>>> print(open('my_file.csv').read())   # CSV, C-alpha atoms
chain,number,residue,atom,x,y,z
A,734,MET,CA,160.5,71.7,-12.6
A,735,ASP,CA,163.1,70.8,-15.2
A,736,GLY,CA,162.1,70.7,-18.8
A,737,PRO,CA,162.9,67.7,-21.0
A,738,THR,CA,166.3,67.6,-22.6
A,739,GLY,CA,167.5,65.3,-25.4
A,740,GLY,CA,164.1,63.5,-25.4
A,741,GLN,CA,164.3,62.7,-21.7
A,742,ALA,CA,161.1,61.2,-20.3
A,743,CYS,CA,159.0,63.2,-17.9
A,744,GLY,CA,159.3,62.3,-14.3
A,745,GLN,CA,156.5,60.2,-12.7
A,746,GLN,CA,155.4,63.0,-10.3
A,747,GLU,CA,155.9,65.9,-12.7
A,748,ARG,CA,153.0,67.4,-14.6
A,749,ILE,CA,153.3,66.8,-18.3
A,750,ARG,CA,153.5,70.2,-20.1
A,751,VAL,CA,151.8,70.4,-23.4
A,752,LEU,CA,152.0,73.3,-25.8
A,753,HIS,CA,149.3,73.5,-28.5
A,754,LEU,CA,150.8,75.3,-31.5
A,755,LEU,CA,148.5,76.6,-34.3
A,756,HIS,CA,148.0,79.6,-36.7
A,757,THR,CA,145.3,81.6,-34.9
A,758,LEU,CA,142.2,81.3,-32.7
A,759,GLU,CA,139.8,82.5,-35.4
A,760,ARG,CA,136.6,80.5,-36.1
A,761,GLY,CA,137.4,77.1,-37.5
A,762,GLY,CA,137.3,73.4,-36.6
A,763,ALA,CA,140.7,73.1,-35.0
A,764,GLU,CA,140.4,76.4,-33.1
A,765,GLN,CA,136.9,75.5,-31.8
A,766,LEU,CA,138.2,72.1,-30.7
A,767,LEU,CA,140.7,73.7,-28.4
A,768,ALA,CA,138.2,76.0,-26.9
A,769,SER,CA,135.8,73.1,-26.2
A,770,TRP,CA,138.7,71.0,-24.8
A,771,PHE,CA,139.8,73.6,-22.2
A,772,THR,CA,136.3,74.5,-21.3
A,773,ARG,CA,135.6,70.9,-20.4
A,774,GLY,CA,139.1,70.4,-18.8
A,775,GLY,CA,141.5,67.5,-18.9
A,776,SER,CA,143.4,65.4,-16.3
A,777,GLU,CA,145.3,67.2,-13.5
A,778,GLN,CA,148.4,65.3,-14.7
A,779,PHE,CA,148.8,67.9,-17.5
A,780,THR,CA,149.6,71.6,-17.8
A,781,TYR,CA,148.6,73.3,-21.1
A,782,GLU,CA,149.5,76.5,-22.9
A,783,VAL,CA,148.6,77.7,-26.4
A,784,CYS,CA,150.8,79.6,-28.9
A,785,CYS,CA,149.3,81.2,-32.0
A,786,LEU,CA,151.9,81.8,-34.7
A,787,PHE,CA,150.0,84.7,-36.4
A,788,ARG,CA,147.2,86.2,-34.2
A,789,GLY,CA,144.6,85.4,-31.6
A,790,GLY,CA,140.9,85.5,-32.3
A,791,PRO,CA,137.4,84.9,-30.9
A,792,HIS,CA,138.3,81.7,-29.1
A,793,GLU,CA,141.1,83.3,-27.2
A,794,ALA,CA,138.8,84.6,-24.5
A,795,THR,CA,137.2,81.2,-23.9
A,796,ILE,CA,140.6,79.5,-23.5
A,797,THR,CA,142.1,82.1,-21.2
A,798,ALA,CA,138.9,82.0,-19.1
A,799,ALA,CA,139.7,78.3,-18.5
A,800,ASP,CA,143.0,79.5,-17.0
A,801,VAL,CA,145.1,78.3,-20.1
A,802,PRO,CA,147.6,80.9,-21.1
A,803,VAL,CA,147.5,82.0,-24.8
A,804,HIS,CA,150.6,83.5,-26.4
A,805,VAL,CA,150.6,85.3,-29.8
A,806,ALA,CA,153.8,85.3,-31.8
A,807,GLY,CA,152.5,87.8,-34.3
A,808,MET,CA,154.1,86.4,-37.4
A,809,SER,CA,153.3,88.6,-40.5
A,810,ASN,CA,153.9,85.7,-42.9
A,811,PRO,CA,154.9,82.0,-42.8
A,812,VAL,CA,158.6,82.8,-42.8
A,813,ASP,CA,158.7,85.9,-40.5
A,814,PRO,CA,161.9,85.5,-38.5
A,815,ARG,CA,160.8,88.0,-35.7
A,816,GLY,CA,157.5,86.2,-35.1
A,817,LEU,CA,159.3,82.9,-35.1
A,818,SER,CA,161.7,84.2,-32.6
A,819,ARG,CA,158.9,85.2,-30.3
A,820,ALA,CA,157.4,81.7,-30.7
A,821,MET,CA,160.8,80.3,-29.6
A,822,GLN,CA,160.8,82.5,-26.5
A,823,VAL,CA,157.4,81.1,-25.6
A,824,VAL,CA,158.7,77.5,-26.0
A,825,ARG,CA,161.9,78.1,-24.1
A,826,ARG,CA,160.0,79.7,-21.2
A,827,PHE,CA,157.3,77.0,-20.9
A,828,ARG,CA,159.7,74.1,-21.7
A,829,PRO,CA,157.0,71.7,-22.9
A,830,HIS,CA,157.4,68.0,-22.9
A,831,VAL,CA,155.1,67.8,-25.9
A,832,ILE,CA,154.3,70.3,-28.7
A,833,HIS,CA,151.0,69.4,-30.4
A,834,THR,CA,150.8,71.1,-33.8
A,835,HIS,CA,147.6,71.9,-35.7
A,836,LEU,CA,147.4,73.1,-39.3
A,837,ARG,CA,150.0,73.4,-41.9
A,838,CYS,CA,152.3,76.3,-40.8
A,839,ALA,CA,152.4,75.1,-37.2
A,840,ASP,CA,153.2,71.6,-38.5
A,841,LEU,CA,156.1,73.0,-40.5
A,842,TRP,CA,157.7,75.0,-37.7
A,843,GLY,CA,156.9,72.4,-35.0
A,844,PRO,CA,160.2,70.5,-35.3
A,845,LEU,CA,162.3,73.6,-35.0
A,846,LEU,CA,160.4,74.8,-32.0
A,847,ALA,CA,160.7,71.3,-30.4
A,848,ARG,CA,164.5,71.4,-30.8
A,849,SER,CA,164.6,74.9,-29.2
A,850,ALA,CA,162.7,73.4,-26.2
A,851,GLY,CA,165.6,70.9,-25.7
A,852,GLY,CA,164.0,68.0,-27.4
A,853,ALA,CA,160.3,68.2,-26.8
A,854,ARG,CA,158.2,65.4,-28.3
A,855,LEU,CA,156.1,66.3,-31.3
A,856,LEU,CA,152.6,65.3,-32.2
A,857,THR,CA,150.8,66.6,-35.3
A,858,THR,CA,147.0,66.4,-35.9
A,859,ILE,CA,145.8,66.6,-39.5
A,860,HIS,CA,142.4,68.4,-39.4
A,861,ASN,CA,141.3,68.1,-43.0
A,862,SER,CA,141.3,65.8,-46.0
A,863,ALA,CA,145.1,65.1,-46.2
A,864,ASP,CA,144.8,65.1,-50.0
A,865,HIS,CA,144.2,68.8,-49.7
A,866,TYR,CA,147.2,69.3,-47.3
A,867,PHE,CA,149.6,67.6,-49.8
A,868,GLU,CA,148.1,68.3,-53.2
A,869,PRO,CA,146.2,71.6,-53.3
A,870,GLY,CA,145.2,72.8,-56.7
A,871,GLU,CA,146.7,76.3,-56.9
A,872,ALA,CA,150.4,76.7,-58.0
A,873,ILE,CA,151.4,78.3,-54.7
A,874,GLY,CA,149.5,75.6,-52.9
A,875,ARG,CA,151.4,72.9,-54.7
A,876,ALA,CA,154.7,74.5,-53.8
A,877,GLU,CA,153.7,74.7,-50.2
A,878,ALA,CA,152.5,71.1,-50.2
A,879,SER,CA,155.8,69.9,-51.6
A,880,ILE,CA,157.6,71.7,-48.8
A,881,TYR,CA,155.2,70.2,-46.3
A,882,THR,CA,155.7,66.7,-47.6
A,883,TRP,CA,159.5,67.1,-47.6
A,884,ALA,CA,159.5,68.5,-44.1
A,885,SER,CA,157.2,65.8,-42.8
A,886,LYS,CA,159.6,63.1,-44.1
A,887,LEU,CA,162.6,65.0,-42.8
A,888,SER,CA,161.2,65.3,-39.3
A,889,PRO,CA,159.4,62.0,-38.5
A,890,ARG,CA,156.7,62.3,-35.9
A,891,PRO,CA,153.5,60.6,-34.8
A,892,TYR,CA,150.3,61.8,-36.5
A,893,ALA,CA,146.8,62.0,-35.2
A,894,ALA,CA,144.0,62.0,-37.9
A,895,ILE,CA,140.5,63.3,-37.1
A,896,SER,CA,138.9,60.5,-39.1
A,897,HIS,CA,139.8,57.2,-40.7
A,898,ALA,CA,139.4,58.8,-44.1
A,899,VAL,CA,142.2,61.3,-43.1
A,900,ALA,CA,144.4,58.5,-41.8
A,901,GLU,CA,144.1,56.8,-45.2
A,902,ASP,CA,145.1,60.0,-46.9
A,903,ILE,CA,148.2,60.3,-44.6
A,904,ALA,CA,149.2,56.7,-45.4
A,905,ARG,CA,148.8,57.4,-49.1
A,906,HIS,CA,151.1,60.5,-49.0
A,907,LEU,CA,153.6,59.6,-46.3
A,908,GLY,CA,153.7,55.8,-46.5
A,909,LYS,CA,151.8,53.2,-44.6
A,910,ARG,CA,154.6,52.8,-42.0
A,911,ARG,CA,154.0,56.3,-40.7
A,912,SER,CA,152.6,56.3,-37.1
A,913,VAL,CA,149.0,57.5,-37.4
A,914,THR,CA,146.3,57.3,-34.6
A,915,VAL,CA,142.7,58.1,-35.4
A,916,VAL,CA,141.3,60.5,-32.8
A,917,HIS,CA,137.9,61.6,-33.9
A,918,ASN,CA,137.0,65.2,-33.4
A,919,ALA,CA,134.4,65.7,-30.7
A,920,ILE,CA,132.2,68.3,-29.0
A,921,ASP,CA,131.3,69.4,-25.5
A,922,CYS,CA,127.7,68.2,-25.5
A,923,ARG,CA,127.0,69.6,-22.1
A,924,GLY,CA,128.5,72.9,-23.0
A,925,LEU,CA,126.3,73.1,-26.1
A,926,GLU,CA,123.2,73.0,-24.0
A,927,ASP,CA,124.6,75.6,-21.6
A,928,ALA,CA,125.0,78.0,-24.6
A,929,LEU,CA,121.3,77.9,-25.4
A,930,ILE,CA,120.1,81.1,-23.8
A,931,ARG,CA,117.2,81.9,-26.2
A,932,ASP,CA,114.6,79.3,-27.3
A,933,ARG,CA,113.5,78.5,-30.8
A,934,ARG,CA,110.7,81.0,-30.9
A,935,GLN,CA,112.7,83.9,-29.5
A,936,MET,CA,115.6,83.3,-31.9
A,937,ARG,CA,113.2,83.2,-34.9
A,938,THR,CA,111.6,86.4,-33.7
A,939,GLU,CA,115.0,88.1,-33.5
A,940,LEU,CA,116.0,86.9,-37.0
A,941,ASP,CA,112.6,88.0,-38.3
A,942,ILE,CA,111.7,84.4,-39.4
A,943,ALA,CA,108.1,83.2,-39.6
A,944,GLN,CA,107.5,80.5,-37.0
A,945,GLU,CA,106.0,78.3,-39.7
A,946,ALA,CA,108.9,78.5,-42.1
A,947,THR,CA,111.1,75.5,-42.8
A,948,VAL,CA,114.6,76.7,-42.1
A,949,PHE,CA,117.9,75.1,-43.3
A,950,LEU,CA,121.1,76.2,-41.7
A,951,CYS,CA,124.6,75.8,-43.1
A,952,ALA,CA,127.3,76.9,-40.6
A,953,ALA,CA,130.6,77.0,-42.5
A,954,ARG,CA,133.2,79.3,-43.7
A,955,LEU,CA,132.3,80.8,-47.1
A,956,GLU,CA,135.2,79.1,-48.9
A,957,PHE,CA,135.3,76.8,-52.0
A,958,GLN,CA,135.8,73.7,-49.9
A,959,LYS,CA,132.3,74.1,-48.3
A,960,GLY,CA,130.4,73.9,-51.6
A,961,HIS,CA,128.0,76.8,-51.0
A,962,ALA,CA,127.5,77.4,-54.7
A,963,ASN,CA,126.1,73.9,-55.1
A,964,LEU,CA,124.0,74.4,-52.0
A,965,LEU,CA,122.5,77.6,-53.5
A,966,ARG,CA,121.7,75.9,-56.8
A,967,ALA,CA,120.0,73.0,-55.0
A,968,PHE,CA,118.1,75.4,-52.8
A,969,ALA,CA,116.8,77.2,-55.9
A,970,GLU,CA,115.2,73.9,-56.9
A,971,VAL,CA,113.7,73.5,-53.4
A,972,GLN,CA,112.2,76.9,-53.6
A,973,LYS,CA,110.3,76.1,-56.8
A,974,SER,CA,108.4,73.3,-55.0
A,975,TYR,CA,108.5,74.5,-51.4
A,976,PRO,CA,108.5,78.4,-51.3
A,977,GLN,CA,108.2,78.5,-47.5
A,978,ALA,CA,111.7,77.2,-47.2
A,979,LEU,CA,114.5,79.5,-46.0
A,980,LEU,CA,118.3,79.0,-46.1
A,981,LEU,CA,120.6,80.6,-43.4
A,982,LEU,CA,124.3,80.8,-44.1
A,983,ALA,CA,126.4,81.4,-40.9
A,984,GLY,CA,130.0,82.2,-41.6
A,985,GLU,CA,132.4,84.5,-43.5
A,986,GLY,CA,135.0,84.0,-46.1
A,987,SER,CA,136.5,84.9,-49.4
A,988,GLN,CA,133.6,83.6,-51.4
A,989,ARG,CA,130.9,85.9,-50.0
A,990,GLU,CA,130.6,88.4,-52.9
A,991,THR,CA,130.6,85.6,-55.4
A,992,LEU,CA,127.9,83.7,-53.5
A,993,GLU,CA,125.8,86.9,-53.0
A,994,ALA,CA,126.0,87.4,-56.8
A,995,LEU,CA,124.9,83.8,-57.4
A,996,ARG,CA,122.0,84.2,-55.0
A,997,ASP,CA,120.8,87.3,-57.0
A,998,GLU,CA,121.4,85.4,-60.3
A,999,LEU,CA,119.2,82.6,-59.0
A,1000,LYS,CA,116.6,85.2,-57.9
A,1001,LEU,CA,116.5,83.7,-54.4
A,1002,GLY,CA,116.1,87.1,-52.7
A,1003,ASP,CA,115.5,87.1,-49.0
A,1004,THR,CA,115.0,83.3,-48.9
A,1005,VAL,CA,118.8,83.1,-48.6
A,1006,ARG,CA,120.3,85.1,-45.7
A,1007,PHE,CA,124.0,85.7,-45.1
A,1008,LEU,CA,124.3,86.0,-41.4
A,1009,GLY,CA,128.1,86.6,-41.3
A,1010,GLU,CA,130.3,85.4,-38.5
A,1011,ARG,CA,128.3,84.2,-35.6
A,1012,SER,CA,129.1,83.3,-32.0
A,1013,ASP,CA,125.7,81.8,-31.3
A,1014,VAL,CA,125.6,78.9,-33.8
A,1015,PRO,CA,124.0,76.5,-31.2
A,1016,GLU,CA,121.1,78.9,-30.9
A,1017,LEU,CA,120.9,79.2,-34.6
A,1018,LEU,CA,120.7,75.5,-34.8
A,1019,GLY,CA,118.0,75.5,-32.2
A,1020,ALA,CA,116.0,77.8,-34.5
A,1021,ALA,CA,116.6,75.7,-37.6
A,1022,ASP,CA,114.7,72.6,-38.8
A,1023,ILE,CA,117.5,71.0,-40.8
A,1024,ALA,CA,121.3,71.4,-40.9
A,1025,VAL,CA,122.8,71.0,-44.3
A,1026,SER,CA,126.4,70.8,-45.6
A,1027,ALA,CA,127.4,70.6,-49.3
A,1028,SER,CA,131.2,70.3,-48.7
A,1029,ILE,CA,133.4,69.2,-51.6
A,1030,TYR,CA,135.9,67.8,-49.2
A,1031,GLU,CA,135.9,67.5,-45.4
A,1032,GLY,CA,138.1,65.9,-42.8
A,1033,PHE,CA,135.3,65.4,-40.4
A,1034,GLY,CA,132.5,68.0,-40.0
A,1035,ILE,CA,132.3,69.4,-36.5
A,1036,SER,CA,129.3,71.7,-37.2
A,1037,LEU,CA,127.3,68.6,-38.2
A,1038,ILE,CA,127.8,66.7,-35.0
A,1039,GLU,CA,126.9,69.8,-33.1
A,1040,ALA,CA,123.6,69.9,-35.0
A,1041,MET,CA,123.1,66.2,-34.3
A,1042,ALA,CA,123.8,66.6,-30.6
A,1043,LEU,CA,121.1,69.3,-30.4
A,1044,GLY,CA,118.6,67.1,-32.1
A,1045,VAL,CA,118.6,68.8,-35.5
A,1046,PRO,CA,118.4,66.4,-38.5
A,1047,VAL,CA,121.3,66.7,-41.0
A,1048,ILE,CA,122.0,66.4,-44.7
A,1049,ALA,CA,125.6,66.2,-45.8
A,1050,THR,CA,127.7,65.2,-48.7
A,1051,ARG,CA,129.4,61.8,-48.6
A,1052,VAL,CA,133.0,63.1,-48.3
A,1053,GLY,CA,136.0,62.5,-46.0
A,1054,GLY,CA,135.1,61.5,-42.5
A,1055,VAL,CA,131.4,62.5,-42.6
A,1056,PRO,CA,130.2,58.8,-43.3
A,1057,GLU,CA,132.0,57.8,-40.0
A,1058,PHE,CA,129.2,59.5,-38.0
A,1059,ILE,CA,126.3,59.8,-40.4
A,1060,ARG,CA,124.7,56.5,-41.2
A,1061,ASN,CA,122.6,57.1,-44.2
A,1062,ARG,CA,118.9,57.3,-43.5
A,1063,GLN,CA,119.6,56.4,-39.8
A,1064,THR,CA,121.4,59.2,-38.1
A,1065,GLY,CA,121.2,61.6,-41.1
A,1066,ILE,CA,121.1,61.8,-44.9
A,1067,LEU,CA,124.2,61.4,-47.0
A,1068,THR,CA,124.1,62.9,-50.5
A,1069,THR,CA,126.5,62.8,-53.4
A,1070,PRO,CA,129.0,65.7,-53.6
A,1071,ASP,CA,128.7,68.0,-56.6
A,1072,ASN,CA,125.2,66.6,-57.4
A,1073,CYS,CA,122.8,69.6,-57.0
A,1074,ALA,CA,119.8,67.6,-58.2
A,1075,GLU,CA,120.2,64.9,-55.6
A,1076,LEU,CA,120.9,67.4,-52.8
A,1077,ALA,CA,117.7,69.3,-53.8
A,1078,GLN,CA,115.7,66.1,-53.6
A,1079,ASP,CA,117.0,65.2,-50.2
A,1080,MET,CA,116.3,68.7,-48.9
A,1081,LEU,CA,112.7,68.5,-50.3
A,1082,GLN,CA,112.2,65.1,-48.7
A,1083,LEU,CA,113.0,66.5,-45.3
A,1084,CYS,CA,110.9,69.5,-45.9
A,1085,ARG,CA,107.9,67.3,-46.5
A,1086,ASP,CA,108.5,64.4,-44.1
A,1087,ALA,CA,108.2,65.5,-40.5
A,1088,ALA,CA,108.3,61.9,-39.3
A,1089,LEU,CA,111.7,61.3,-41.0
A,1090,ARG,CA,113.0,64.5,-39.5
A,1091,THR,CA,112.1,63.3,-36.0
A,1092,THR,CA,113.6,59.9,-36.5
A,1093,LEU,CA,116.9,61.2,-37.8
A,1094,ALA,CA,117.0,63.9,-35.1
A,1095,GLU,CA,116.5,61.3,-32.3
A,1096,ASN,CA,118.9,58.8,-33.7
A,1097,GLY,CA,121.6,61.4,-34.4
A,1098,ARG,CA,121.4,63.0,-31.0
A,1099,LYS,CA,121.8,59.6,-29.3
A,1100,TYR,CA,124.6,58.5,-31.5
A,1101,VAL,CA,126.7,61.7,-31.1
A,1102,ARG,CA,126.3,61.8,-27.3
A,1103,GLU,CA,127.4,58.2,-27.0
A,1104,HIS,CA,130.3,58.4,-29.3
A,1105,PHE,CA,131.5,61.9,-29.9
A,1106,ASP,CA,131.5,63.7,-26.5
A,1107,ILE,CA,134.8,65.6,-26.0
A,1108,ALA,CA,135.7,63.8,-22.8
A,1109,ARG,CA,136.5,60.7,-24.8
A,1110,MET,CA,138.7,62.7,-27.2
A,1111,ILE,CA,140.6,64.3,-24.4
A,1112,ASP,CA,141.3,61.0,-22.8
A,1113,GLN,CA,142.7,59.6,-26.1
A,1114,TYR,CA,145.0,62.6,-26.6
A,1115,GLU,CA,146.3,62.5,-23.1
A,1116,GLU,CA,147.1,58.9,-23.4
A,1117,ILE,CA,149.1,59.7,-26.5
A,1118,TYR,CA,151.0,62.4,-24.5
A,1119,ARG,CA,151.8,59.9,-21.8
A,1120,GLN,CA,153.2,57.4,-24.3
A,1121,LEU,CA,155.3,60.1,-25.9
A,1122,VAL,CA,157.1,61.1,-22.7
A,1123,ARG,CA,157.7,57.6,-21.3
>>> encode(input="my_file.csv", output="structure tokens")
Amino acid sequence: MDGPTGGQACGQQERIRVLHLLHTLERGGAEQLLASWFTRGGSEQFTYEVCCLFRGGPHEATITAADVPVHVAGMSNPVDPRGLSRAMQVVRRFRPHVIHTHLRCADLWGPLLARSAGGARLLTTIHNSADHYFEPGEAIGRAEASIYTWASKLSPRPYAAISHAVAEDIARHLGKRRSVTVVHNAIDCRGLEDALIRDRRQMRTELDIAQEATVFLCAARLEFQKGHANLLRAFAEVQKSYPQALLLLAGEGSQRETLEALRDELKLGDTVRFLGERSDVPELLGAADIAVSASIYEGFGISLIEAMALGVPVIATRVGGVPEFIRNRQTGILTTPDNCAELAQDMLQLCRDAALRTTLAENGRKYVREHFDIARMIDQYEEIYRQLVR
């Protein structure tokens, strides 16, 4: 098969070759999305490969098991010429019709790699609040954001936003005439159930958790964005009124030592457990009574819809795309970001009100399975690819 040259459209009988380009396959929303995508599988009209600019990660095995090749360019930094050259070799060999970029560094280098492929079409998905792509707080982040904004305008391309909130951010930063399609993130609902090897009682026994305890689970990277400090402060208030409550934190990140020190300062002891990086989050959710997120900003919130799909009631801050799938007091509870007192009250209410927990769980499960199963998301992206190569 001949690759595309000069933007040439793909032949009618030819499979459309799509290369997903991203940083790594470590644990994160974009990375997990690809793992779920290829586990479920798409149309036979497409051939997929994945290129990681820096390194692989835990999701690599899942993707390769689905017969999707994964290449690692091994860049040591965002401007490493040797690693970039290896990425170009991957592109020239595969000759993709479409390069689909995820996350900032891949978005920056995507246009160059598309040109090296002889004019491959480019699609960029923004996976987080775009305000934090374009205007991060640290000095080095502001410089990087300026380069990103400049490069985005220099190399026009269509964008996909994982929520309407992110699409509005893109329009605010790049102009309303920019081509943006909303494709909500989604999950493999069927695959989630297949991942449940241990039941609730067995999982609690393994974690040494009393069967009668009320367990909150926050599955998120231990980074500033996720608001764990606010969550710990709110949970300290919950503990005063409801000492049988327990908080599990699944994830790793740069804030771990700071958060452990805060836990000790708040005298929370073993009522807060840092579980580290976990590959069994669905089973952890099955052992939990309530899923909670205190994010300060969020593009969407994939861990929350996983919880909902498994019938776990959720509490989350009203940020980014979260209100697009949590209808307050119907499919979950929305709480004000940076308001520890309100979060604590919402957590206490669900501790005490089993009937409300059941209602939210049933409504949330039904809503996610109807609107956020990954098959719908795959169909949307594959239609975008078809339009790009016509």
>>> residues_around(input="my_file.csv", residues="region 888-895 of chain A", least_positions_apart="5", cutoff="7 Å", atoms="only C-alpha atoms", output="PyMOL selection string")
chain A and resi 844+855-860+900+912-918+1032-1033
>>> closest_atom_pairs(input="my_file.csv", of="region 1015-1065 of chain A", to="region 1070-1085 of chain A", cutoff="8 Å", atoms="all atoms listed in the file", output="JSON lines")
{"residue": "A:Ile1023", "atom": "CA", "partner": "A:Leu1083", "partner_atom": "CA", "distance": 7.8}
{"residue": "A:Ala1027", "atom": "CA", "partner": "A:Pro1070", "partner_atom": "CA", "distance": 6.7}
{"residue": "A:Ser1028", "atom": "CA", "partner": "A:Pro1070", "partner_atom": "CA", "distance": 7.1}
{"residue": "A:Ile1029", "atom": "CA", "partner": "A:Pro1070", "partner_atom": "CA", "distance": 6.0}
{"residue": "A:Ile1048", "atom": "CA", "partner": "A:Met1080", "partner_atom": "CA", "distance": 7.4}
{"residue": "A:Thr1050", "atom": "CA", "partner": "A:Pro1070", "partner_atom": "CA", "distance": 5.1}
{"residue": "A:Arg1051", "atom": "CA", "partner": "A:Pro1070", "partner_atom": "CA", "distance": 6.4}
{"residue": "A:Val1052", "atom": "CA", "partner": "A:Pro1070", "partner_atom": "CA", "distance": 7.1}
>>> closest_residue(input="my_file.csv", among="A:Ile1117, A:Leu786, A:Val831, A:Ala794", to="Val751 (chain A)", atoms="only C-alpha atoms")
A:Val831
>>> atom_distance(input="my_file.csv", atom1="CA of Leu1067 (chain A)", atom2="CA of Ile903 (chain A)")
24.1 Å
>>> residues_around(input="my_file.csv", residues="Gly1054 (chain A)", least_positions_apart="4", cutoff="9 Å", atoms="all atoms listed in the file", output="count of residues only")
11
>>> atom_distance(input="my_file.csv", atom1="CA of Arg1062 (chain A)", atom2="CA of Ala919 (chain A)")
21.8 Å
>>> residues_near_point(input="my_file.csv", point="(119.8, 67.2, -38.5)", cutoff="10 Å", atoms="all atoms listed in the file", output="PyMOL selection string")
chain A and resi 949-950+1018+1021-1025+1037-1049+1064-1066+1083+1090-1098
>>> atom_distance(input="my_file.csv", atom1="CA of Leu845 (chain A)", atom2="CA of Ala884 (chain A)")
10.8 Å
>>> closest_residue(input="my_file.csv", among="A:Ala763, A:His833, A:Glu782, A:Phe787", to="Tyr1118 (chain A)", atoms="all atoms listed in the file")
A:His833
>>> closest_residue(input="my_file.csv", among="A:Trp770, A:Phe779, A:Phe827, A:Tyr975", to="Ala799 (chain A)", atoms="only C-alpha atoms")
A:Trp770
>>> closest_residue(input="my_file.csv", among="A:Ala953, A:Ala1020, A:Ala853, A:Ile749", to="Arg937 (chain A)", atoms="all atoms listed in the file")
A:Ala1020
>>> closest_residue(input="my_file.csv", among="A:Val801, A:Val948, A:Leu755, A:Ala983", to="His835 (chain A)", atoms="all atoms listed in the file")
A:Leu755
>>> closest_atom_pairs(input="my_file.csv", of="region 751-860 of chain A", to="region 1005-1010 of chain A", cutoff="12 Å", atoms="only C-alpha atoms", output="tab-separated table")
residue	atom	partner	partner_atom	distance
A:Glu759	CA	A:Glu1010	CA	10.4
A:Arg760	CA	A:Glu1010	CA	8.3
A:Gly761	CA	A:Glu1010	CA	11.0
A:Pro791	CA	A:Glu1010	CA	10.4
